[in-house]
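The structure under discussion appears below in the form of structure tokens.
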Amino acid sequence: MPHINNQELARPSLYIPLGIVLAALVLVAVFLMKIPNFIRNGTYSLLREGLKEKAVWTTRDMETITGQHFIVRYTNGNQKDAELVLATAEQFYGPIAAKYGFSSSRKIPVIVYPSRAELNRNFGWPANESAMGVYWAGVIRVLSPTVWVPDQDPLSFQETFKKSGPMAHEFTHLVVDYVTAGNYTRWFTEGMAQYEEYKLTGFEFDEPAASLDQPLYSLSQMDRDFDNLPNQPLAYRQSYLAVRYIAEEYGEGALKSILINLARGKNMELALQSVLGMEMQQFEAKYQKWGMEKEKLHQL
């Protein structure tokens, strides 16, 4: 089966159209910018945990299975799908959590939806929205593998979900959110999620629309209006290349150091300066040049 392009479909943390809730979060974010970092982090975390507990409470009547780090809720008696989601999540937990210094004393909620319509309805999305996974406010939500994995053979079914499913991607979003207490830019969390997915499953975003041989988006554009950019494949590809550039040129430890700087309250530009020793404009030029060179080599 061809790879499912879940990067193009996934929604990142705290960037979804939830109407009143989103408006409230924006107001809170503006307020938090004016208070000390430790108070801001604590307030953000309380808000996120409150929304998480609400999700846990509203799904309390769903069937449930638990693992070492995750609790999975599902409906329609589809326990096999839930077990596969749980096993895959647990498989990816260790490598990602250890790399970025994440730990949780409580199990992470994962909600499995039996249809696209139910997943979309939960976020107020149109019926034709085709996301397979979403991280938001401490909770990972995924579409049941049976809905989109065509393989009938059980082993092929499991392998397709692990390689093409959203678990590594969405769990990385969660880790970035928790480690930084919500202080991250849009391109960075998307790039991180794709980079870890690539490292763990081998999946790499690649399609003609994402070619770098065209006008590129600026990092500020991708932060400001990511979901509304006309060329979504290009935006995702650029985010991924920016993070992969850091990892390959400065080492994966640089990614963790950036997260630490963000957790201390620095903005993205200051975090990059502290870790990479360059300003945002210089970083942007360097990662784009690096990405273009990689693309040319790939085409040979």
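Chain labels follow the order of the structure tokens: the first chain is A, the next B, and so on; residue numbering restarts at 1 in every chain, and ligands are counted from 1 in their shown order.
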Exercise. What's the 9 Å shell around Leu259 in chain A, counting only C-alpha atoms, without same-chain residues fewer than 5 positions away, as number ranges by chain?
Worked result: A: 100, 176, 179-180, 183-184, 254, 264, 271
Problem set entry | Among listed residues A:Lys289, A:His169, A:Arg60, A:Lys199, nearest Thr75 in chain A (using only C-alpha atoms) |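 Of the candidates, the smallest distance to Thr75 in chain A is held by A:Arg60.
Closest approach to Tyr240 in chain A among A:Gly138, A:Pro215, A:Gly291, A:Gly77 is made by A:Gly291 (distances from only C-alpha atoms).
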For this session: Using only C-alpha atoms, determine which residues lie at most 10 Å from Arg106 in chain A, disregarding the query and same-chain residues fewer than 6 positions distant; provide the list as a PyMOL selection string.
Result: chain A and resi 68-71
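Nearest residue to Asn122 in chain A among A:Leu241, A:Val175, A:Ala235, A:Ala55 is A:Ala55, counting only C-alpha atoms.
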Problem set entry | Picked from range 142-223 of chain A by DSSP as helix (DSSP H, G or I), as a PyMOL selection string | chain A and resi 145-148+154-164+167-180+186-201+208-210+219-223
Include C-alpha atoms and write out the residues we just selected as a PDB file, in the first residue's frame.
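Below is the file that was written, selection-v6.pdb:
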```pdb
ATOM      1  CA  PRO A 145      -7.120   1.784  11.673  1.00  0.00           C
ATOM      2  CA  THR A 146      -9.915  -0.331  10.180  1.00  0.00           C
ATOM      3  CA  VAL A 147     -11.324   2.764   8.476  1.00  0.00           C
ATOM      4  CA  TRP A 148      -8.255   3.453   6.354  1.00  0.00           C
ATOM      5  CA  PRO A 154      -3.210  -9.244  10.174  1.00  0.00           C
ATOM      6  CA  LEU A 155       0.566  -8.800  10.029  1.00  0.00           C
ATOM      7  CA  SER A 156       0.377  -6.454   7.042  1.00  0.00           C
ATOM      8  CA  PHE A 157      -2.433  -4.557   8.749  1.00  0.00           C
ATOM      9  CA  GLN A 158      -0.331  -3.964  11.858  1.00  0.00           C
ATOM     10  CA  GLU A 159       2.776  -3.041   9.898  1.00  0.00           C
ATOM     11  CA  THR A 160       0.898  -0.546   7.731  1.00  0.00           C
ATOM     12  CA  PHE A 161      -0.567   1.183  10.761  1.00  0.00           C
ATOM     13  CA  LYS A 162       2.779   1.395  12.540  1.00  0.00           C
ATOM     14  CA  LYS A 163       4.584   2.801   9.490  1.00  0.00           C
ATOM     15  CA  SER A 164       1.834   4.973   8.012  1.00  0.00           C
ATOM     16  CA  MET A 167       1.083   7.670  16.541  1.00  0.00           C
ATOM     17  CA  ALA A 168       4.747   8.773  16.336  1.00  0.00           C
ATOM     18  CA  HIS A 169       3.702  12.087  14.804  1.00  0.00           C
ATOM     19  CA  GLU A 170       1.023  12.946  17.363  1.00  0.00           C
ATOM     20  CA  PHE A 171       3.012  11.753  20.370  1.00  0.00           C
ATOM     21  CA  THR A 172       5.882  14.017  19.319  1.00  0.00           C
ATOM     22  CA  HIS A 173       3.441  16.949  19.235  1.00  0.00           C
ATOM     23  CA  LEU A 174       2.476  16.054  22.796  1.00  0.00           C
ATOM     24  CA  VAL A 175       6.100  15.860  23.944  1.00  0.00           C
ATOM     25  CA  VAL A 176       6.951  19.256  22.417  1.00  0.00           C
ATOM     26  CA  ASP A 177       3.881  20.772  24.061  1.00  0.00           C
ATOM     27  CA  TYR A 178       4.646  19.376  27.514  1.00  0.00           C
ATOM     28  CA  VAL A 179       8.395  19.941  27.527  1.00  0.00           C
ATOM     29  CA  THR A 180       8.033  23.602  26.468  1.00  0.00           C
ATOM     30  CA  ARG A 186       4.071  26.192  14.501  1.00  0.00           C
ATOM     31  CA  TRP A 187       6.816  25.205  12.082  1.00  0.00           C
ATOM     32  CA  PHE A 188       8.929  23.752  14.871  1.00  0.00           C
ATOM     33  CA  THR A 189       6.336  21.369  16.296  1.00  0.00           C
ATOM     34  CA  GLU A 190       5.354  20.229  12.791  1.00  0.00           C
ATOM     35  CA  GLY A 191       8.975  19.708  11.846  1.00  0.00           C
ATOM     36  CA  MET A 192       9.679  17.817  15.060  1.00  0.00           C
ATOM     37  CA  ALA A 193       6.677  15.526  14.549  1.00  0.00           C
ATOM     38  CA  GLN A 194       7.706  14.696  10.987  1.00  0.00           C
ATOM     39  CA  TYR A 195      11.353  14.242  11.907  1.00  0.00           C
ATOM     40  CA  GLU A 196      10.600  11.704  14.650  1.00  0.00           C
ATOM     41  CA  GLU A 197       8.178   9.914  12.361  1.00  0.00           C
ATOM     42  CA  TYR A 198      10.920   9.677   9.752  1.00  0.00           C
ATOM     43  CA  LYS A 199      13.439   8.383  12.278  1.00  0.00           C
ATOM     44  CA  LEU A 200      11.088   5.758  13.711  1.00  0.00           C
ATOM     45  CA  THR A 201       9.146   4.579  10.656  1.00  0.00           C
ATOM     46  CA  PRO A 208       5.600  16.992  -6.433  1.00  0.00           C
ATOM     47  CA  ALA A 209       3.688  19.854  -4.803  1.00  0.00           C
ATOM     48  CA  ALA A 210       6.313  19.955  -2.033  1.00  0.00           C
ATOM     49  CA  LEU A 219       9.005  30.678   8.827  1.00  0.00           C
ATOM     50  CA  SER A 220       6.941  33.604  10.032  1.00  0.00           C
ATOM     51  CA  GLN A 221       4.285  32.826   7.415  1.00  0.00           C
ATOM     52  CA  MET A 222       4.160  29.222   8.544  1.00  0.00           C
ATOM     53  CA  ASP A 223       3.724  30.277  12.150  1.00  0.00           C
TER      54      ASP A 223
END
```
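When DSSP reads the backbone of this structure, the residues of range 49-234 of chain A it assigns to strand (DSSP E or B) are Glu63, Thr64, Ile65, Thr66, Phe70, Ile71, Val72, Arg73, Tyr74, Ile108, Pro109, Val110, Ile111, Val112, Tyr113, Gly133, Val134, Tyr135, Trp136, Val139, Ile140, Arg141, Val142 and Leu143 of chain A.
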Would you mind exporting the chosen residues as an mmCIF file, in the first residue's frame, restricted to N, CA, C and O atoms?
```
data_model
loop_
_atom_site.group_PDB
_atom_site.id
_atom_site.type_symbol
_atom_site.label_atom_id
_atom_site.label_comp_id
_atom_site.auth_asym_id
_atom_site.auth_seq_id
_atom_site.Cartn_x
_atom_site.Cartn_y
_atom_site.Cartn_z
ATOM 1 N N GLU A 63 -15.368 2.105 26.050
ATOM 2 C CA GLU A 63 -14.558 0.965 26.481
ATOM 3 C C GLU A 63 -13.103 1.404 26.609
ATOM 4 O O GLU A 63 -12.638 2.283 25.883
ATOM 5 N N THR A 64 -12.370 0.766 27.512
ATOM 6 C CA THR A 64 -11.030 1.242 27.852
ATOM 7 C C THR A 64 -10.044 0.098 28.000
ATOM 8 O O THR A 64 -10.373 -0.939 28.584
ATOM 9 N N ILE A 65 -8.846 0.296 27.475
ATOM 10 C CA ILE A 65 -7.724 -0.597 27.771
ATOM 11 C C ILE A 65 -6.543 0.284 28.182
ATOM 12 O O ILE A 65 -6.448 1.440 27.774
ATOM 13 N N THR A 66 -5.659 -0.266 28.984
ATOM 14 C CA THR A 66 -4.540 0.533 29.487
ATOM 15 C C THR A 66 -3.216 -0.187 29.264
ATOM 16 O O THR A 66 -3.147 -1.409 29.235
ATOM 17 N N PHE A 70 -0.095 4.696 28.387
ATOM 18 C CA PHE A 70 -1.270 5.223 27.711
ATOM 19 C C PHE A 70 -2.538 4.535 28.201
ATOM 20 O O PHE A 70 -2.514 3.381 28.632
ATOM 21 N N ILE A 71 -3.640 5.262 28.102
ATOM 22 C CA ILE A 71 -4.969 4.705 28.295
ATOM 23 C C ILE A 71 -5.746 4.964 27.009
ATOM 24 O O ILE A 71 -5.800 6.106 26.537
ATOM 25 N N VAL A 72 -6.299 3.919 26.422
ATOM 26 C CA VAL A 72 -6.971 4.023 25.127
ATOM 27 C C VAL A 72 -8.458 3.785 25.298
ATOM 28 O O VAL A 72 -8.875 2.778 25.883
ATOM 29 N N ARG A 73 -9.253 4.699 24.774
ATOM 30 C CA ARG A 73 -10.699 4.567 24.814
ATOM 31 C C ARG A 73 -11.243 4.411 23.402
ATOM 32 O O ARG A 73 -10.757 5.055 22.464
ATOM 33 N N TYR A 74 -12.269 3.545 23.271
ATOM 34 C CA TYR A 74 -12.782 3.203 21.948
ATOM 35 C C TYR A 74 -14.238 2.809 22.061
ATOM 36 O O TYR A 74 -14.774 2.614 23.168
ATOM 37 N N ILE A 108 -1.329 8.724 29.410
ATOM 38 C CA ILE A 108 -1.738 9.670 28.367
ATOM 39 C C ILE A 108 -3.006 9.161 27.686
ATOM 40 O O ILE A 108 -3.042 8.028 27.192
ATOM 41 N N PRO A 109 -4.058 9.979 27.630
ATOM 42 C CA PRO A 109 -5.298 9.531 26.992
ATOM 43 C C PRO A 109 -5.187 9.494 25.467
ATOM 44 O O PRO A 109 -4.674 10.424 24.852
ATOM 45 N N VAL A 110 -5.678 8.402 24.906
ATOM 46 C CA VAL A 110 -5.797 8.260 23.450
ATOM 47 C C VAL A 110 -7.236 7.846 23.166
ATOM 48 O O VAL A 110 -7.723 6.864 23.732
ATOM 49 N N ILE A 111 -7.901 8.573 22.311
ATOM 50 C CA ILE A 111 -9.293 8.270 21.968
ATOM 51 C C ILE A 111 -9.343 7.809 20.517
ATOM 52 O O ILE A 111 -8.834 8.489 19.620
ATOM 53 N N VAL A 112 -9.925 6.645 20.292
ATOM 54 C CA VAL A 112 -10.022 6.063 18.950
ATOM 55 C C VAL A 112 -11.453 6.260 18.443
ATOM 56 O O VAL A 112 -12.414 5.841 19.088
ATOM 57 N N TYR A 113 -11.577 6.892 17.285
ATOM 58 C CA TYR A 113 -12.898 7.167 16.711
ATOM 59 C C TYR A 113 -13.202 6.177 15.594
ATOM 60 O O TYR A 113 -12.342 5.893 14.755
ATOM 61 N N GLY A 133 -5.119 11.629 12.626
ATOM 62 C CA GLY A 133 -4.712 11.792 14.004
ATOM 63 C C GLY A 133 -4.624 13.253 14.385
ATOM 64 O O GLY A 133 -4.343 14.108 13.539
ATOM 65 N N VAL A 134 -4.877 13.537 15.655
ATOM 66 C CA VAL A 134 -4.857 14.906 16.158
ATOM 67 C C VAL A 134 -4.301 14.891 17.585
ATOM 68 O O VAL A 134 -4.714 14.054 18.400
ATOM 69 N N TYR A 135 -3.386 15.800 17.870
ATOM 70 C CA TYR A 135 -3.030 16.054 19.265
ATOM 71 C C TYR A 135 -3.582 17.416 19.658
ATOM 72 O O TYR A 135 -3.382 18.403 18.934
ATOM 73 N N TRP A 136 -4.251 17.471 20.791
ATOM 74 C CA TRP A 136 -4.708 18.754 21.315
ATOM 75 C C TRP A 136 -4.937 18.648 22.824
ATOM 76 O O TRP A 136 -5.607 17.735 23.307
ATOM 77 N N VAL A 139 -4.318 15.316 24.871
ATOM 78 C CA VAL A 139 -5.030 14.117 24.412
ATOM 79 C C VAL A 139 -4.683 13.844 22.951
ATOM 80 O O VAL A 139 -4.653 14.761 22.127
ATOM 81 N N ILE A 140 -4.433 12.566 22.647
ATOM 82 C CA ILE A 140 -4.220 12.141 21.261
ATOM 83 C C ILE A 140 -5.506 11.480 20.773
ATOM 84 O O ILE A 140 -6.039 10.581 21.438
ATOM 85 N N ARG A 141 -5.986 11.932 19.640
ATOM 86 C CA ARG A 141 -7.201 11.363 19.050
ATOM 87 C C ARG A 141 -6.842 10.784 17.690
ATOM 88 O O ARG A 141 -6.186 11.448 16.893
ATOM 89 N N VAL A 142 -7.286 9.558 17.424
ATOM 90 C CA VAL A 142 -6.925 8.908 16.162
ATOM 91 C C VAL A 142 -8.131 8.238 15.537
ATOM 92 O O VAL A 142 -9.087 7.850 16.220
ATOM 93 N N LEU A 143 -8.071 8.121 14.231
ATOM 94 C CA LEU A 143 -9.086 7.401 13.487
ATOM 95 C C LEU A 143 -8.789 5.906 13.570
ATOM 96 O O LEU A 143 -7.636 5.480 13.459
#
```
Problem set entry | Distance in Å - CA of Ile258 in chain A versus CA of Leu270 in chain A |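 The value is 9.3 Å.
Minimum atom-to-atom distances from A:Arg121, A:Ala285, A:Ala242, A:Ala137 to Val56 in chain A were compared using only C-alpha atoms, and the lowest value belongs to A:Ala137.
Using only C-alpha atoms, the smallest distance between any of A:Gln91, A:Ala263, A:Ala131, A:Tyr236 and Pro166 in chain A comes from A:Ala131.
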